[in-house]
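Input: a single structure, listed below in C-alpha cells.
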2 protein chains.
Amino acid sequence: MGLSKENVTGLILALASSVFIGSSFIIKKQGLRRAASAFGVRAGVGGYYYLLEPLWWVGMITMIVGEIANFVAYAFAPAVLVTPLGALSIIVSAVLADIILKERLHKLGILGCVMCIAGSFIIVIHAPKEEPITSVLQIWNMATQPAFLAYAGSVIVLVFILVFHFAPKCGHTNVLVFTGICSLMGSLSVMSVKALGTSLKLTFEGKNQLIYPETWFFVLVVAICVVMQMNYLNKALDTFNTAIVSPIYYVMFTTLTILASVIMFKDWDGQSFSTIVSEICGFIVVLSGTIMLHLTRDFERSHSFRGSLPTSPTLSVRLYTGNGDLLLKEDESPDNTC
Amino acid sequence: MGLSKENVTGLILALASSVFIGSSFIIKKQGLRRAASAFGVRAGVGGYYYLLEPLWWVGMITMIVGEIANFVAYAFAPAVLVTPLGALSIIVSAVLADIILKERLHKLGILGCVMCIAGSFIIVIHAPKEEPITSVLQIWNMATQPAFLAYAGSVIVLVFILVFHFAPKCGHTNVLVFTGICSLMGSLSVMSVKALGTSLKLTFEGKNQLIYPETWFFVLVVAICVVMQMNYLNKALDTFNTAIVSPIYYVMFTTLTILASVIMFKDWDGQSFSTIVSEICGFIVVLSGTIMLHLTRDFERSHSFRGSLPTSPTLSVRLYTGNGDLLLKEDESPDNTC
C-alpha cells in the first residue's frame, strides 16, 4: 500500500467531505420540501421562506463542514488522491436520494456507483507518497519551477483566449467554452488551495507561515481563481442544462487538476510505470462511473420529484473544490423552472 | 510490470483470440445477410443456403482460429489473466458492428467499452507470474492438493443438487439454475483445459506428456465438462432471453474460474495486498463494463437489424472458454424468431 500516515488523514478527510457534501443535498432538499408544504410557496417561484426552515440550515452547515474537510484534505494528501474521490459524494447523494427521497436509482446508476467505488480503490492503492513539506517557500519553489510556470502560463493564455475571443462568439452555443474556463482556473485553484492549506497546517503546528509574502500571494490566487470559476460556472449553468455541464466539467476539471498536480508536485516521479498506468485507469473508471450516474439520473429526472429549489449564492462556492457534487444541483439552477 | 515472457505470449494470444472471435460474428452475419439476399430464404426460417456462402465459412474459420488461440493462451498465462480478457471480444464485435453493420453503438455502450479496456489494463498490469511448469505431474499435484479437491468436490456436489433437485423444479423459471450449472462446470473446464494445453505445449517442446495417464485423465475431464456445459447452456438459451443469460453467465463463469485458478495455481500467493485488491477491482470494472454493453445493446436491439440467424451446433462450443462472446448470439438462438 502506498499510503503514508499523512495520506490516510487526507483520505479520511476526503471521504468525510464526500459524505457531508453528498448528504447536505438531501437534507437541504428535505428542508425545501418542508418549507414548501408549510408555507405553500415554492422557493423557485420567488419565495425565501426556506430560510425559516431549520432543516435547510442544517443542510447548509453540513455542506460547509464538507467543504472545509475537503480544503483540509488537500493539506494532507496529494491532489491526485483527493480530487477524484470527490466523485464519491455523488454516490452518497444518489444512495440517500433513493432511501430518503425515494428517488429510485436506475440499475445502470447502481453500476455507476460500483464503478466509482472500484476506481476509487485503485486510485487510493496507487496514490503517491508526498514528500513532507516544511515551509511555504518549498511550495513556492515548486510553483516557480519552469515546467509549472509553463503550465500556469498556458492556462492563463488559454483562459484569455476563451474569455475574450470565444466567449462572446460562441459561449452561448458551445458548452466547452464556459466549462473550459472553469476547469482551467479550477486546476490553478486546487494548486493554490493546497499551498494555502499546507501553510495553515504548518502555522497551526507552530511554524508560522503568515510572515511570508508567498502565503499571501497564494491567498490572492485562490481568491481570483475562485471568483472566476464561480462567475463562469454560473454562466455555464444559466446557459446549458446541468446534466450536460456537470459531467463535462467534472471530467475536464479532474483531468486538468491531476495534470497540474503531476507537474507541480511531481507526484509521479519515482513511481513505477505500472503504478502510473493503474492510477490513470482508476481515474478513467471513476470518470466513466460519474458520467454514467449523471446520464442515468438525467434519464430518471422526468420521473422524479422536482422540487423547484431556489438559486442560492452558495451554488458555485462549493464547486471550486470539484467535489463532483453538481448532481442534484440542477434543481437549484435558475433554468429549471418547472 | 508483473509480466513474464510467458505471460506476454499468453496475453498476445488472448488478445488475438478476442479479435478473431469478435470479428467472426460480424463476418458470419455479413455472410448470412448475403445468403439471405442471394437466395431469398432466411436461415432462421429453415434455409441452409448460408452453407453455400463463402463469407459464412470465413467467419466460421475465424471463430475456430480464435478458439484455438484462446486454448493455447491458457497454456502460457494464468487463467486470472486470460479469462477476463475474453470480454474484449465483445468490444471488437460491438465496434465492428458499428462500423460494418451500421448497428450504432449507444453512448453508454462506448462507456462500457472504455470500462472493459481500463479494467483489462489493470488486470494485465497486476497479473501474477506463474511458476514454470515442467511436467503434467506437477499440475496433477496441484489438482490433488486438499484445497482444490475441496473446491472440485463442492462444485460436483452443487452441480448434482442443481441438476437433480433444482433443474426439474425451477430450471425453467429461475435463470440461475442452468447458468449456475454451466458456470460451475466451466470453472473446472478451464482448469483442465489449462492442464491439457500445458501438457501439449510440453509435448511439442519435446517432453512427451502423453505417456502419463494423468494427461488422459485431463482429456476426459475436458470432454465431460464441455459436453455438460454445452448441454445446459443450450437449455438456458432455449429457455431465457440471451440478453439476460449472457451477462449472468459471464459474471458467474469468470468469478468461479478465477476462484478455481487462485485455489489450484495459488496465483495470489506471494502477491502484495494492494496487487490483489487491484486485480479484484479490475475484474469488477470489466464485469461492469460487460454488463453495461449487454444492457445497452439489449436496449438497442429493437432498433437494429435482426438477421434471423440460424441455430447452429457451434453455438455452445465456443462458450466454454468464456470469451464473453455471447453478445451477438441472440440472433442465432432459437427463441429469437422475428
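How things are named: the first chain in the C-alpha cells is A, the next is B, and so on; residues count from 1 in each chain; ligands count from 1 in the order shown.
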Residue hits in chain A, query chain B, radius 12 Å, only C-alpha atoms, as a PyMOL selection string: chain A and resi 1-3+107-127+271-296
message: Can you pull out the residues contacting Ile12 (chain B)? Cut-off 10 Å, using only C-alpha atoms, and skip same-chain residues under 4 positions away; I want them as a ChimeraX atom specification.
response: /B:7-8,16-18,69-70,73,77,82
Using all heavy atoms, can you export the residues from the last selection as a short mmCIF file (atom, residue, chain, number, x, y, z; two decimals), in the first residue's frame?
```cif
data_model
loop_
_atom_site.label_atom_id
_atom_site.label_comp_id
_atom_site.auth_asym_id
_atom_site.auth_seq_id
_atom_site.Cartn_x
_atom_site.Cartn_y
_atom_site.Cartn_z
N ASN B 7 3.88 -14.84 -19.89
CA ASN B 7 2.65 -14.07 -19.75
C ASN B 7 2.38 -13.22 -20.99
O ASN B 7 1.24 -13.09 -21.42
CB ASN B 7 2.75 -13.14 -18.53
CG ASN B 7 2.25 -13.80 -17.26
OD1 ASN B 7 1.96 -15.00 -17.25
ND2 ASN B 7 2.15 -13.05 -16.19
N VAL B 8 3.45 -12.63 -21.55
CA VAL B 8 3.29 -11.79 -22.73
C VAL B 8 2.76 -12.63 -23.90
O VAL B 8 1.83 -12.22 -24.60
CB VAL B 8 4.62 -11.08 -23.10
CG1 VAL B 8 4.50 -10.37 -24.44
CG2 VAL B 8 5.00 -10.09 -22.02
N ALA B 16 -5.42 -11.76 -29.43
CA ALA B 16 -5.68 -12.20 -30.80
C ALA B 16 -6.97 -13.01 -30.83
O ALA B 16 -7.81 -12.83 -31.73
CB ALA B 16 -4.51 -13.04 -31.31
N SER B 17 -7.15 -13.87 -29.84
CA SER B 17 -8.37 -14.67 -29.75
C SER B 17 -9.61 -13.78 -29.72
O SER B 17 -10.59 -14.03 -30.42
CB SER B 17 -8.29 -15.54 -28.50
OG SER B 17 -9.56 -15.91 -28.06
N SER B 18 -9.55 -12.71 -28.90
CA SER B 18 -10.71 -11.81 -28.81
C SER B 18 -10.97 -11.11 -30.14
O SER B 18 -12.13 -10.93 -30.53
CB SER B 18 -10.48 -10.76 -27.73
OG SER B 18 -10.57 -11.35 -26.46
N ALA B 69 -6.61 -20.09 -30.42
CA ALA B 69 -5.71 -19.12 -29.78
C ALA B 69 -6.03 -19.01 -28.29
O ALA B 69 -5.13 -18.95 -27.44
CB ALA B 69 -5.85 -17.75 -30.45
N ASN B 70 -7.31 -19.02 -27.97
CA ASN B 70 -7.74 -18.93 -26.58
C ASN B 70 -7.26 -20.15 -25.79
O ASN B 70 -6.75 -20.03 -24.68
CB ASN B 70 -9.26 -18.83 -26.55
CG ASN B 70 -9.80 -18.51 -25.17
OD1 ASN B 70 -10.06 -19.41 -24.40
ND2 ASN B 70 -9.92 -17.24 -24.86
N ALA B 73 -3.60 -19.89 -25.26
CA ALA B 73 -3.28 -18.83 -24.30
C ALA B 73 -3.24 -19.37 -22.88
O ALA B 73 -2.39 -18.98 -22.07
CB ALA B 73 -4.29 -17.69 -24.42
N ALA B 77 -0.39 -18.39 -20.00
CA ALA B 77 -0.64 -17.37 -18.98
C ALA B 77 -1.68 -17.87 -17.98
O ALA B 77 -2.48 -18.76 -18.30
CB ALA B 77 -1.11 -16.08 -19.64
N VAL B 82 -6.20 -14.65 -18.59
CA VAL B 82 -6.83 -14.97 -19.88
C VAL B 82 -8.34 -14.85 -19.84
O VAL B 82 -8.95 -14.25 -20.73
CB VAL B 82 -6.42 -16.40 -20.33
CG1 VAL B 82 -7.10 -16.76 -21.64
CG2 VAL B 82 -4.91 -16.50 -20.46
#
```
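From CA of Lys235 (chain A) back to CA of His172 (chain A), the distance works out to 8.9 Å.
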- request: Could you tell me, as an MDAnalysis selection string, which residues of region 63-277 of chain B DSSP assigns to helix (DSSP H, G or I) when given the backbone?
  value: chainID B and resid 63:76 79:85 88:99 107:125 136:143 146:170 175:204 213:239 242:264 273:277
- request: With a distance cut-off of 9 Å and only C-alpha atoms, select the neighbouring residues of region 253-260 of chain A, excluding the residue or stretch itself and same-chain residues fewer than 3 positions from it, and output the selection as a PyMOL selection string.
  value: chain A and resi 79-81+83-84+148+151-152+179-180+182-191+248-250+263-265+283+287+322
